[in-house]
Amino acid sequence: MATNDESKNVRKLQVKRFKPEENPEKHYLNQEKGLWAWMTTVDHKKIGLMYLGSITFFFFIAGVLALLLRTELLTPARSFMDADMYNQVFTLHGAIMIFFFLVPSVPTVLGNFILPLQLGAKDVAFPRLNLASYYIYVVGALFTLFAIFTGGIDTGWTFYTPYSSSAAGGNIMAMTFGIFILGFSSILTGVNFLVTIHKMRSPGITWNKLPLNLWGLYATSIIQILATPVLAITLLLLTMERMLSIGIFDPAIGGDPVLYQHFFWFYSHPAVYIMIVPGFGIISEVISTFSRKVIFGYWAIALSSLAIAFIGFLVWGHHMFTAGQSSLANMVFSFLTFLVGIPTGIKIFNWLATMYKGSIDLKTPMIYALVFLFLFTIGGFTGIMLGALAVDIHLHDTYYVVAHFHYVMMGGMVMAFLAGLHYWWPKMFGKMYSEFWAKITCAIIFIGFNMTFLPQFVMGSQGMPRRYFNYIDQFQSFHQFSTIGAYIMGVGFLIMAAYMIHSLVKGKPASSNPWGSRALEWQTSSPVPLHNFEHTPVIINGPYDYHKPMSEFQLGITASQHAHHADKPVDISTQEKEQA
Amino acid sequence: MLPPAKSTTAAETDALFHFITSTSLILLLGITIAIIYFAWKYRRRSEDDVTPVITHNSKLEITWSVIPLILVIIVFGWGLTGYMNLTTAPDDAYEIRVVGKSWLWEFHYDTGHVSVNELHVPVDRPVKLVMSSDDVIHSFYIPDFRVKMDVLPNRYTSLWFEATEVGESIVYCAEYCGTAHSNMLATTYVHSQEDFEMWLETAGSEDDDLDPVARGEQLVTRNACDTCHSTDGTRLQGPTFQGLFGSEREMDDGEIVVADENYIRESILEPNARITAGFQPVMPSYAGTLDDRQIDAIIEYIKTLD
Ligand code: HEM
Ligand SMILES: [Cu+2]
Ligand SMILES: [Cu+2]
């Protein structure tokens with residue numbers, strides 16, 4: 001069957017079935033103990049958990065800030081804080097949510113934990129670099145905390161000049177420096193993931209058998225590597241302007257403030273995709289697993305992530321339709337914006353088609369995935385609204401935009417993150433959580449979320465500008481409704497914290513594959529052994545081939561024969577041969 | 001959902017808004033029904049359920065790529081047409097200069113009259129605003145007219161509208177600009193054409209016949225001094241006017257100055273020449289906005305606030 005050319009690439013492997021050991025005594029959580037072992041670990045799983053702790057901390061802080069904002073907005077003008085305080089709080093809320101929670105969330109937590117497992121690798125390509133990324137993240141975070149305690153800043157997370165370079169108060173230098181440092185963490189993680197995906201795939205994982213989660217992380221890593229340096233340069237220029245009075249962005253000393261906006265959005269629009277693309281990966285995994293069905297349009301989903309990653313670099317100008325850009329520029333940016341919408345829409349339809357004729361089990365991760373589909377679709381449609389030039393002139397910088405990006409970021413990405421967290425929780429900790437409470441919580445968050453942000457579409461359409469401490473009476477009932485929704489959501493997250501902690505302490509032990517998934521990370525024990533697999537996995541089926549028996553997904557060769565050393569040929573084929 | 005449409009271009013923007021909203025709602029409804037229906041119809045019945053192998057379907061995939069593509073191209077074209085109308089002001093538009101300062105709006109008319117936080121325009125006549133900022137970026141936004149444009153410190157930007165009914169409409173600053181961003185409001189007064197002409201003629205002189213103190217009090221409100229300065233001792237962005245006159249003021253470099261007529265005049269025309277200790281240098285300059293007689297009146301008014 002094989003032509004001459006192909007046969008050169010055919011390696012024959014002697015494979016055995018390796019059934020994962022249930023509830024192993026030794027695993028990554030208890031094999032190296034003590035604080036020092038954790039702090040110096042190069043194990044991708046522990047680093048993932050360290051990130052989980054950190055981003056949970058920041059999510060909590062920024063969430064409390066959000067509740068403070070919403071409380072202040074119960075009445076026009078001052079309710080309990082003054083305008084300067086409000087401005088600092090929304091700046092911190094936005095900056096922390098974006099830079100310290102959402103951008104790192106999926107790649108560093110779930111990516112770090114799952115990526116090597118899905119490749120059948122023992123770790124990422126550069127484990128020490130991975131640890132370094134974590135510490136860089138921590139140092140960046142410390143700088144930011146320092147900025148908060150030395151006066152706070154009030155520029156909004158966008159740091160627009162000339163406000164940020166002249167008028168703004170607070171320690172903006174420390175803040176930008178913190179984010180500058182953080183960028184390196186992001187870049188290094190991206191590099192690490194790219195190399196790992198290219199170099200450390202177990203035998204048999206060809207590009208068309210790569211889990212879609214990894215395609216998502218792959219596309220994200222590319223954006224991280226290409227876009228983050230621009231942010232770093234921008235912040236550096238801003239710093240130079242403030243410290244050395246070199247006129248770059250500040251017109252008072254000969255700069256151009258709109259130039260700053262170009263720089264900023266050239267990073268920050270792609271960053272929006274850094275935030276959402278890995279979410280697409282998770283949703284693909286979850287929907288396929290809980291529909292127990294092969295994913296529909298594998299290549300369409302994989303390639304649309306890459307398409308989004310690339311076109312995403314060309315649409316930054318849609319944030320500047322009213323900033324005095326030429327009409328031609330506005331036209332081009334508007335058009336490209338709509339083009340990005342198409343691959344996103346395609347994904348939604350692919351996921352729906354995957355559910356068609358599936359065997360759907362509405363476990364918590366699946367419910368979050370469906371919530372994602374609904375909320376993200378709203379986020380997407382309102383994005384189309386904002387891409388339409390004439391309409392954006394009216395809606396730009398109003399609460400319509402606030403609602404839109406919360407639907408995308410929170411309704412989209414945070415829901416995807418929660419889907420992933422619940423999905424992989426048993427793998428991470430070897431414990432189950434209470435399905436009952438998890439579902440209740442999901443419902444509470446869903447209701448709270450919509451109560452918070454739906455009214456904001458109406459307010460925005462009616463002209464309520466964003467970043468407003470004070471507002472005209474007409475909007476008060478909307479704001480109050482929104483605030484009540486926020487409290488409900490807050491309660492939801494508290495319950496989540498409670499049942500997750502309960503699960504850690506007293507949860508029922510999880511089996512190695514509680515969802516009956518075919519993906520590779522489920523073919524090892526829960527919690528995972530320190531070195532992930534006691535054998536080198538060999539893959540003959542795609543990760544979504546639910547029509548093949550489970551036994552075909554647990555093949556491997558004994559550990560002494562390292563998979564990544566292709567120079568060691570192994571004879572005698574089993575039933576399948578592997579094509580490169 | 002939208003505010004009343006009170007300009008000639010608003011209707012087109014609204015039509016597109018409603019088109020996108022309704023199309024989206026229909027599609028969203030379809031997607032939601034599909035989600036719920038699938039989740040119910042194909043719910044797991046047993047652990048041994050076998051699912052069909054459907055990896056792709058080119059016809060279906062092309063359909064659901066092409067239809068949205070057509071829809072967004074329609075939306076793009078429609079949005080672009082509306083936008084071109086919004087940016088191309090008719091040649092005969094009546095021009096008003098707008099200056100944004102933290103945190104007030106100044107309107108300069110061709111008669112030389114300047115109004116603060118009050119924009120007066122004629123109905124049924126295109127009006128073009130030529131705008132710039134004295135400090136950071138602001139954004140001039142009138143929801144009723146569906147117009148918005150950033151106001152930049154280093155170049156002019158412009159927008160135009162033609163009001164269709166007599167009345168009042170709110171103006172917001174839509175680009176974050178610091179402490180009092182949410183108080184940087186103004187009102188658009190749309191007059192009938194005759195009323196507008198009359199207003200223009202009398203505007204500058206309407207309070208000439210008041211006595212200086214009453215006139216000063218009016219000017220303080222009309223020029224938005226009272227967004228930053230209270231008259232009852234409360235501390236706002238700036239120091240209160242109460243008890244200001246004749247008192248000793250400490251500057252941020254330690255200098256002590258007596259608040260006499262000259263000091264107040266300087267504070268109004270060159271506010272950043274000397275900064276009062278404990279405050280930020282955020283007061284806009286009123287040079288070119290207030291003339292000498294008006295400043296005199298304000299000083300007389302401040303003198304009365306003990
Ligand atoms: C992952 C979750 C979230 C993310 C990524 C996020 C992100 C952001 C960002 C980027 C801003 C803009 C800040 C700025 O204009 O500088 C913002 C504003 C705001 N967010 Fe969130 N947010 C999240 C969750 C929430 C939640 C749960 C609430 C409500 C409880 C909330 C309420 C607000 C409010 C009130 C504002 C201020 C709006 C304004 O004055 O313009 N956010 N958020
Ligand atoms: Cu963007
Ligand atoms: Cu403003």
# chains A, B, ... in the order shown; residues from 1 in each chain; ligands from 1

$ residues_near_ligand --ligand "ligand 1" --cutoff "8 Å" --atoms "only C-alpha atoms and all ligand atoms" --output "PyMOL selection string"
chain A and resi 59+62-64+66-67+69-70+73+87+90-95+97-98+101-102+155-158+398-399+402+405-406+409-410+413-414+449+452+465-469+483+485-487+489-490

$ write_last_selection --atoms "C-alpha atoms" --output "PDB file, in the first residue's frame"
ATOM      1  CA  PHE A  59      -9.628  37.527  40.130  1.00  0.00           C
ATOM      2  CA  ALA A  62     -10.473  42.636  40.797  1.00  0.00           C
ATOM      3  CA  GLY A  63     -13.873  41.125  41.493  1.00  0.00           C
ATOM      4  CA  VAL A  64     -14.130  42.929  44.810  1.00  0.00           C
ATOM      5  CA  ALA A  66     -15.912  45.510  40.500  1.00  0.00           C
ATOM      6  CA  LEU A  67     -18.425  45.153  43.304  1.00  0.00           C
ATOM      7  CA  LEU A  69     -17.693  50.117  41.434  1.00  0.00           C
ATOM      8  CA  ARG A  70     -21.161  48.698  41.066  1.00  0.00           C
ATOM      9  CA  LEU A  73     -23.022  53.394  40.829  1.00  0.00           C
ATOM     10  CA  ASN A  87     -11.439  56.372  38.637  1.00  0.00           C
ATOM     11  CA  PHE A  90     -12.073  51.095  37.591  1.00  0.00           C
ATOM     12  CA  THR A  91      -8.521  51.423  36.344  1.00  0.00           C
ATOM     13  CA  LEU A  92      -7.300  48.766  38.732  1.00  0.00           C
ATOM     14  CA  HIS A  93     -10.272  46.550  38.094  1.00  0.00           C
ATOM     15  CA  GLY A  94      -9.690  46.648  34.340  1.00  0.00           C
ATOM     16  CA  ALA A  95      -5.911  46.393  34.467  1.00  0.00           C
ATOM     17  CA  MET A  97      -8.638  41.615  35.191  1.00  0.00           C
ATOM     18  CA  ILE A  98      -6.917  41.926  31.837  1.00  0.00           C
ATOM     19  CA  PHE A 101      -6.144  37.412  35.311  1.00  0.00           C
ATOM     20  CA  LEU A 102      -7.514  36.961  31.829  1.00  0.00           C
ATOM     21  CA  THR A 155      -5.859  56.411  33.574  1.00  0.00           C
ATOM     22  CA  GLY A 156      -7.999  53.396  32.742  1.00  0.00           C
ATOM     23  CA  TRP A 157      -6.290  50.196  31.661  1.00  0.00           C
ATOM     24  CA  THR A 158      -5.643  51.807  28.276  1.00  0.00           C
ATOM     25  CA  THR A 398     -20.581  54.068  25.938  1.00  0.00           C
ATOM     26  CA  TYR A 399     -21.860  51.294  28.171  1.00  0.00           C
ATOM     27  CA  VAL A 402     -18.682  47.897  28.326  1.00  0.00           C
ATOM     28  CA  PHE A 405     -16.539  43.320  26.099  1.00  0.00           C
ATOM     29  CA  HIS A 406     -17.877  41.832  29.305  1.00  0.00           C
ATOM     30  CA  MET A 409     -14.396  38.374  28.116  1.00  0.00           C
ATOM     31  CA  MET A 410     -16.474  37.251  31.023  1.00  0.00           C
ATOM     32  CA  MET A 413     -13.530  33.521  28.180  1.00  0.00           C
ATOM     33  CA  VAL A 414     -14.328  33.219  31.866  1.00  0.00           C
ATOM     34  CA  PHE A 449     -24.211  37.887  34.664  1.00  0.00           C
ATOM     35  CA  THR A 452     -25.471  42.830  35.312  1.00  0.00           C
ATOM     36  CA  PRO A 465     -20.818  57.062  28.400  1.00  0.00           C
ATOM     37  CA  ARG A 466     -18.401  54.691  30.098  1.00  0.00           C
ATOM     38  CA  ARG A 467     -15.962  55.548  32.880  1.00  0.00           C
ATOM     39  CA  TYR A 468     -18.615  57.790  34.390  1.00  0.00           C
ATOM     40  CA  PHE A 469     -18.627  58.302  38.113  1.00  0.00           C
ATOM     41  CA  THR A 483     -25.619  46.260  40.588  1.00  0.00           C
ATOM     42  CA  GLY A 485     -26.987  41.350  39.207  1.00  0.00           C
ATOM     43  CA  ALA A 486     -23.370  41.887  40.206  1.00  0.00           C
ATOM     44  CA  TYR A 487     -24.127  40.939  43.802  1.00  0.00           C
ATOM     45  CA  MET A 489     -22.815  36.907  40.584  1.00  0.00           C
ATOM     46  CA  GLY A 490     -20.605  37.590  43.592  1.00  0.00           C
TER      47      GLY A 490
END

$ residues_near_ligand --ligand "ligand 3" --cutoff "10 Å" --atoms "only C-alpha atoms and all ligand atoms" --output "NGL selection string"
(:A and (465-468)) or (:B and (100-104 or 136-140 or 150-151 or 172-185))

$ write_last_selection --atoms "N, CA, C and O atoms" --output "compact mmCIF listing (two decimals), in the first residue's frame"
# COMPACT_ATOMS: atom_id res chain seq x y z
N PRO A 465 -22.24 57.30 28.67
CA PRO A 465 -20.82 57.06 28.40
C PRO A 465 -20.17 56.19 29.47
O PRO A 465 -20.68 56.10 30.59
N ARG A 466 -19.09 55.54 29.13
CA ARG A 466 -18.40 54.69 30.10
C ARG A 466 -17.44 55.52 30.94
O ARG A 466 -17.18 56.68 30.64
N ARG A 467 -16.89 54.88 31.96
CA ARG A 467 -15.96 55.55 32.88
C ARG A 467 -16.60 56.78 33.51
O ARG A 467 -15.93 57.80 33.68
N TYR A 468 -17.89 56.67 33.81
CA TYR A 468 -18.61 57.79 34.39
C TYR A 468 -18.92 57.51 35.85
O TYR A 468 -19.64 56.57 36.18
N GLY B 100 -12.38 72.04 24.04
CA GLY B 100 -12.55 71.22 25.23
C GLY B 100 -11.42 71.50 26.19
O GLY B 100 -10.26 71.59 25.79
N LYS B 101 -11.77 71.72 27.45
CA LYS B 101 -10.75 71.89 28.49
C LYS B 101 -11.17 70.99 29.62
O LYS B 101 -12.35 70.76 29.80
N SER B 102 -10.22 70.55 30.43
CA SER B 102 -10.64 69.75 31.58
C SER B 102 -11.31 70.70 32.55
O SER B 102 -10.64 71.55 33.11
N TRP B 103 -12.54 70.68 32.83
CA TRP B 103 -13.59 69.83 32.38
C TRP B 103 -14.78 70.66 31.97
O TRP B 103 -15.78 70.71 32.65
N LEU B 104 -14.61 71.41 30.89
CA LEU B 104 -15.72 72.20 30.39
C LEU B 104 -15.61 72.34 28.87
O LEU B 104 -14.58 72.06 28.27
N VAL B 136 -5.90 67.43 27.56
CA VAL B 136 -5.88 66.02 27.16
C VAL B 136 -6.96 65.76 26.12
O VAL B 136 -7.64 66.67 25.68
N ILE B 137 -7.13 64.50 25.73
CA ILE B 137 -8.15 64.18 24.74
C ILE B 137 -9.53 64.15 25.38
O ILE B 137 -9.71 63.57 26.45
N HIS B 138 -10.48 64.79 24.74
CA HIS B 138 -11.89 64.68 25.13
C HIS B 138 -12.64 64.14 23.93
O HIS B 138 -12.08 63.98 22.86
N SER B 139 -13.92 63.87 24.13
CA SER B 139 -14.69 63.44 22.98
C SER B 139 -16.07 64.06 23.06
O SER B 139 -16.74 63.99 24.09
N PHE B 140 -16.47 64.70 21.99
CA PHE B 140 -17.71 65.46 21.97
C PHE B 140 -18.83 64.56 21.46
O PHE B 140 -18.77 64.04 20.36
N ASP B 150 -13.65 62.65 18.70
CA ASP B 150 -12.64 62.98 19.70
C ASP B 150 -12.14 64.40 19.48
O ASP B 150 -12.08 64.89 18.35
N VAL B 151 -11.76 65.03 20.58
CA VAL B 151 -11.26 66.39 20.55
C VAL B 151 -9.82 66.33 21.01
O VAL B 151 -9.53 65.93 22.13
N TYR B 172 -22.17 65.03 26.06
CA TYR B 172 -21.28 64.36 27.00
C TYR B 172 -19.84 64.47 26.54
O TYR B 172 -19.57 64.61 25.35
N CYS B 173 -18.92 64.33 27.50
CA CYS B 173 -17.55 64.02 27.11
C CYS B 173 -17.43 62.51 27.16
O CYS B 173 -17.70 61.90 28.19
N ALA B 174 -17.03 61.91 26.04
CA ALA B 174 -17.02 60.45 25.99
C ALA B 174 -15.62 59.86 26.08
O ALA B 174 -15.46 58.66 26.05
N GLU B 175 -14.59 60.70 26.15
CA GLU B 175 -13.25 60.13 26.29
C GLU B 175 -12.76 60.47 27.68
O GLU B 175 -12.71 61.65 28.05
N TYR B 176 -12.38 59.44 28.41
CA TYR B 176 -11.99 59.63 29.80
C TYR B 176 -10.90 60.70 29.92
O TYR B 176 -9.89 60.64 29.23
N CYS B 177 -11.11 61.66 30.82
CA CYS B 177 -10.17 62.78 30.90
C CYS B 177 -9.86 63.17 32.34
O CYS B 177 -9.41 64.27 32.60
N GLY B 178 -10.15 62.26 33.29
CA GLY B 178 -9.74 62.57 34.66
C GLY B 178 -10.91 62.80 35.59
O GLY B 178 -12.06 62.46 35.29
N THR B 179 -10.58 63.40 36.74
CA THR B 179 -11.51 63.50 37.85
C THR B 179 -12.96 63.81 37.47
O THR B 179 -13.86 63.06 37.79
N ALA B 180 -13.17 64.93 36.80
CA ALA B 180 -14.55 65.38 36.58
C ALA B 180 -15.05 65.03 35.17
O ALA B 180 -15.95 65.68 34.66
N HIS B 181 -14.47 64.00 34.59
CA HIS B 181 -14.89 63.54 33.26
C HIS B 181 -16.41 63.40 33.18
O HIS B 181 -17.04 63.84 32.22
N SER B 182 -17.01 62.82 34.22
CA SER B 182 -18.45 62.57 34.14
C SER B 182 -19.27 63.83 34.41
O SER B 182 -20.49 63.80 34.33
N ASN B 183 -18.60 64.93 34.75
CA ASN B 183 -19.34 66.19 34.90
C ASN B 183 -19.07 67.12 33.74
O ASN B 183 -19.49 68.27 33.75
N MET B 184 -18.35 66.63 32.75
CA MET B 184 -18.03 67.50 31.62
C MET B 184 -19.18 67.47 30.62
O MET B 184 -19.08 66.94 29.54
N LEU B 185 -20.29 68.04 31.06
CA LEU B 185 -21.50 67.99 30.26
C LEU B 185 -21.80 69.38 29.70
O LEU B 185 -21.33 70.38 30.22

$ residues_near_ligand --ligand "ligand 2" --cutoff "6 Å" --atoms "only C-alpha atoms and all ligand atoms" --output "mmCIF file with N, CA and C atoms, in the first residue's frame"
data_model
loop_
_atom_site.group_PDB
_atom_site.id
_atom_site.type_symbol
_atom_site.label_atom_id
_atom_site.label_comp_id
_atom_site.auth_asym_id
_atom_site.auth_seq_id
_atom_site.Cartn_x
_atom_site.Cartn_y
_atom_site.Cartn_z
ATOM 1 N N HIS A 269 -5.547 44.742 20.617
ATOM 2 C CA HIS A 269 -6.554 43.955 19.925
ATOM 3 C C HIS A 269 -6.143 42.492 19.826
ATOM 4 N N TRP A 316 -6.747 46.622 14.518
ATOM 5 C CA TRP A 316 -6.663 47.435 15.731
ATOM 6 C C TRP A 316 -7.377 48.787 15.577
ATOM 7 N N HIS A 319 -10.780 50.421 17.141
ATOM 8 C CA HIS A 319 -10.949 51.090 18.428
ATOM 9 C C HIS A 319 -10.833 52.605 18.284
#

$ select_by_dssp --residues "stretch 33-150 of chain B" --states "helix (DSSP H, G or I)" --output "compact mmCIF listing (two decimals) with N, CA and C atoms, in the first residue's frame"
# COMPACT_ATOMS: atom_id res chain seq x y z
N ILE B 33 -32.20 27.89 20.34
CA ILE B 33 -33.14 26.77 20.22
C ILE B 33 -32.37 25.50 19.86
N ALA B 34 -31.41 25.64 18.95
CA ALA B 34 -30.61 24.47 18.57
C ALA B 34 -29.89 23.89 19.78
N ILE B 35 -29.29 24.76 20.58
CA ILE B 35 -28.56 24.27 21.76
C ILE B 35 -29.51 23.48 22.67
N ILE B 36 -30.64 24.11 22.98
CA ILE B 36 -31.55 23.48 23.93
C ILE B 36 -32.14 22.20 23.33
N TYR B 37 -32.54 22.30 22.07
CA TYR B 37 -33.15 21.13 21.43
C TYR B 37 -32.16 19.96 21.36
N PHE B 38 -30.95 20.22 20.92
CA PHE B 38 -29.95 19.15 20.84
C PHE B 38 -29.68 18.56 22.22
N ALA B 39 -29.54 19.45 23.21
CA ALA B 39 -29.20 18.98 24.55
C ALA B 39 -30.28 18.06 25.09
N TRP B 40 -31.52 18.32 24.64
CA TRP B 40 -32.61 17.48 25.12
C TRP B 40 -32.77 16.24 24.24
N LYS B 41 -32.84 16.48 22.94
CA LYS B 41 -33.11 15.39 22.00
C LYS B 41 -32.02 14.32 22.04
N SER B 58 -19.14 19.47 3.51
CA SER B 58 -18.68 20.68 2.80
C SER B 58 -19.83 21.61 2.44
N LYS B 59 -20.95 21.05 1.98
CA LYS B 59 -22.05 21.91 1.56
C LYS B 59 -22.53 22.78 2.71
N LEU B 60 -22.75 22.10 3.85
CA LEU B 60 -23.23 22.81 5.02
C LEU B 60 -22.24 23.89 5.43
N GLU B 61 -20.95 23.50 5.43
CA GLU B 61 -19.95 24.45 5.91
C GLU B 61 -19.83 25.66 5.00
N ILE B 62 -19.95 25.41 3.69
CA ILE B 62 -19.90 26.55 2.78
C ILE B 62 -21.12 27.44 3.01
N THR B 63 -22.27 26.83 3.21
CA THR B 63 -23.47 27.63 3.45
C THR B 63 -23.30 28.52 4.67
N TRP B 64 -22.84 27.92 5.76
CA TRP B 64 -22.79 28.77 6.96
C TRP B 64 -21.57 29.68 7.00
N SER B 65 -20.72 29.61 5.98
CA SER B 65 -19.69 30.64 5.88
C SER B 65 -20.16 31.75 4.95
N VAL B 66 -20.85 31.35 3.88
CA VAL B 66 -21.19 32.35 2.86
C VAL B 66 -22.33 33.24 3.32
N ILE B 67 -23.33 32.67 3.96
CA ILE B 67 -24.46 33.51 4.37
C ILE B 67 -24.02 34.61 5.36
N PRO B 68 -23.29 34.24 6.42
CA PRO B 68 -22.81 35.33 7.28
C PRO B 68 -21.93 36.32 6.53
N LEU B 69 -21.14 35.81 5.58
CA LEU B 69 -20.27 36.72 4.83
C LEU B 69 -21.11 37.75 4.09
N ILE B 70 -22.17 37.28 3.44
CA ILE B 70 -23.05 38.21 2.72
C ILE B 70 -23.66 39.21 3.70
N LEU B 71 -24.12 38.70 4.84
CA LEU B 71 -24.73 39.60 5.83
C LEU B 71 -23.75 40.67 6.29
N VAL B 72 -22.52 40.26 6.60
CA VAL B 72 -21.61 41.29 7.12
C VAL B 72 -21.20 42.25 6.02
N ILE B 73 -21.18 41.80 4.77
CA ILE B 73 -20.84 42.75 3.72
C ILE B 73 -21.95 43.79 3.57
N ILE B 74 -23.19 43.35 3.72
CA ILE B 74 -24.29 44.32 3.71
C ILE B 74 -24.11 45.33 4.85
N VAL B 75 -23.85 44.79 6.04
CA VAL B 75 -23.69 45.68 7.19
C VAL B 75 -22.51 46.63 7.00
N PHE B 76 -21.45 46.10 6.44
CA PHE B 76 -20.27 46.94 6.20
C PHE B 76 -20.61 48.10 5.26
N GLY B 77 -21.24 47.76 4.14
CA GLY B 77 -21.56 48.79 3.15
C GLY B 77 -22.51 49.83 3.72
N TRP B 78 -23.48 49.37 4.41
CA TRP B 78 -24.48 50.24 5.02
C TRP B 78 -23.82 51.17 6.05
N GLY B 79 -23.00 50.57 6.89
CA GLY B 79 -22.30 51.37 7.90
C GLY B 79 -21.40 52.40 7.26
N LEU B 80 -20.74 51.99 6.17
CA LEU B 80 -19.82 52.91 5.50
C LEU B 80 -20.58 54.09 4.89
N THR B 81 -21.70 53.80 4.23
CA THR B 81 -22.49 54.89 3.63
C THR B 81 -22.90 55.89 4.70
N GLY B 82 -23.44 55.36 5.78
CA GLY B 82 -23.88 56.24 6.86
C GLY B 82 -22.72 57.07 7.38
N TYR B 83 -21.58 56.41 7.49
CA TYR B 83 -20.40 57.09 8.03
C TYR B 83 -19.94 58.21 7.09
N MET B 84 -19.97 57.94 5.77
CA MET B 84 -19.54 58.97 4.83
C MET B 84 -20.46 60.19 4.94
N ASN B 85 -21.76 59.93 5.12
CA ASN B 85 -22.67 61.06 5.31
C ASN B 85 -22.35 61.83 6.58
N LEU B 86 -21.94 61.09 7.60
CA LEU B 86 -21.65 61.74 8.87
C LEU B 86 -20.38 62.58 8.82
N THR B 87 -19.46 62.23 7.91
CA THR B 87 -18.19 62.94 7.91
C THR B 87 -18.12 64.04 6.87
N PRO B 143 -25.81 62.27 21.98
CA PRO B 143 -26.55 61.04 21.65
C PRO B 143 -27.76 61.30 20.76
N ASP B 144 -28.49 62.39 21.03
CA ASP B 144 -29.70 62.66 20.25
C ASP B 144 -29.40 62.83 18.76
N PHE B 145 -28.19 63.27 18.45
CA PHE B 145 -27.83 63.49 17.05
C PHE B 145 -27.01 62.34 16.49

$ interface_residues --of "chain A" --to "chain B" --cutoff "6 Å" --atoms "only C-alpha atoms" --output "PyMOL selection string"
chain A and resi 83-84+162-163+251+293+296-297+322-323+357-361+388-391+393-394+397+458+461-463+465+468-470

$ residues_around --residues "A:Ala498" --least-positions-apart "4" --cutoff "12 Å" --atoms "only C-alpha atoms" --output "MDAnalysis selection string"
chainID A and resid 433:434 437:438 441 491:494 502:507

$ residues_around --residues "B:Leu269" --least-positions-apart "5" --cutoff "9 Å" --atoms "only C-alpha atoms" --output "PyMOL selection string"
chain B and resi 264+284-288+290

$ write_last_selection --atoms "N, CA and C atoms" --output "short mmCIF file (atom, residue, chain, number, x, y, z; two decimals), in the first residue's frame"
data_model
loop_
_atom_site.label_atom_id
_atom_site.label_comp_id
_atom_site.auth_asym_id
_atom_site.auth_seq_id
_atom_site.Cartn_x
_atom_site.Cartn_y
_atom_site.Cartn_z
N ILE B 264 -6.33 87.27 41.79
CA ILE B 264 -7.50 86.58 41.24
C ILE B 264 -7.50 86.68 39.72
N PRO B 284 -8.51 75.27 33.92
CA PRO B 284 -8.26 75.75 32.57
C PRO B 284 -8.08 77.27 32.56
N SER B 285 -7.36 77.76 31.57
CA SER B 285 -7.20 79.21 31.46
C SER B 285 -8.43 79.81 30.79
N TYR B 286 -8.84 80.97 31.28
CA TYR B 286 -10.00 81.63 30.69
C TYR B 286 -9.59 82.79 29.81
N ALA B 287 -8.29 82.86 29.49
CA ALA B 287 -7.85 83.90 28.57
C ALA B 287 -8.57 83.69 27.24
N GLY B 288 -9.16 84.75 26.70
CA GLY B 288 -9.89 84.60 25.44
C GLY B 288 -11.35 84.23 25.66
N LEU B 290 -13.06 85.10 28.86
CA LEU B 290 -13.61 86.20 29.66
C LEU B 290 -12.88 87.49 29.30
#

$ select_by_dssp --residues "stretch 42-212 of chain B" --states "strand (DSSP E or B)" --output "NGL selection string"
:B and (43 or 94-101 or 104-108 or 114-116 or 118-122 or 126-133 or 138-142 or 147-151 or 157-163 or 167-173 or 186-191)

$ residues_around --residues "A:Thr196" --least-positions-apart "5" --cutoff "9 Å" --atoms "only C-alpha atoms" --output "list in words"
Leu115, Pro116, Leu119, Ala121, Asp123, Val124, Ala125, Phe126, Val191 and Arg201 of chain A

$ closest_residue --among "A:Leu212, A:Met428, A:Met496, A:Ile557" --to "A:Ser512" --atoms "only C-alpha atoms"
A:Met428

$ residues_around --residues "B:Asp260" --least-positions-apart "3" --cutoff "7 Å" --atoms "only C-alpha atoms" --output "VMD selection string"
chain B and resid 245 to 246 263 to 264

$ closest_residue --among "B:Leu129, B:Ile302, B:Ile268, B:Ala93" --to "B:Phe107" --atoms "only C-alpha atoms"
B:Leu129

$ decode --residues "stretch 276-280 of chain B" --atoms "N, CA and C atoms" --output "PDB file, in the first residue's frame"
ATOM      1  N   THR B 276      -1.937  76.877  43.985  1.00  0.00           N
ATOM      2  CA  THR B 276      -2.247  76.898  45.411  1.00  0.00           C
ATOM      3  C   THR B 276      -1.856  75.567  46.047  1.00  0.00           C
ATOM      4  N   ALA B 277      -1.212  75.651  47.201  1.00  0.00           N
ATOM      5  CA  ALA B 277      -0.726  74.431  47.854  1.00  0.00           C
ATOM      6  C   ALA B 277      -1.882  73.477  48.128  1.00  0.00           C
ATOM      7  N   GLY B 278      -1.646  72.206  47.869  1.00  0.00           N
ATOM      8  CA  GLY B 278      -2.665  71.201  48.166  1.00  0.00           C
ATOM      9  C   GLY B 278      -3.614  70.932  47.011  1.00  0.00           C
ATOM     10  N   PHE B 279      -3.413  71.598  45.871  1.00  0.00           N
ATOM     11  CA  PHE B 279      -4.297  71.372  44.721  1.00  0.00           C
ATOM     12  C   PHE B 279      -3.494  71.001  43.483  1.00  0.00           C
ATOM     13  N   GLN B 280      -4.193  70.377  42.541  1.00  0.00           N
ATOM     14  CA  GLN B 280      -3.551  69.979  41.285  1.00  0.00           C
ATOM     15  C   GLN B 280      -3.665  71.124  40.276  1.00  0.00           C
TER      16      GLN B 280
END
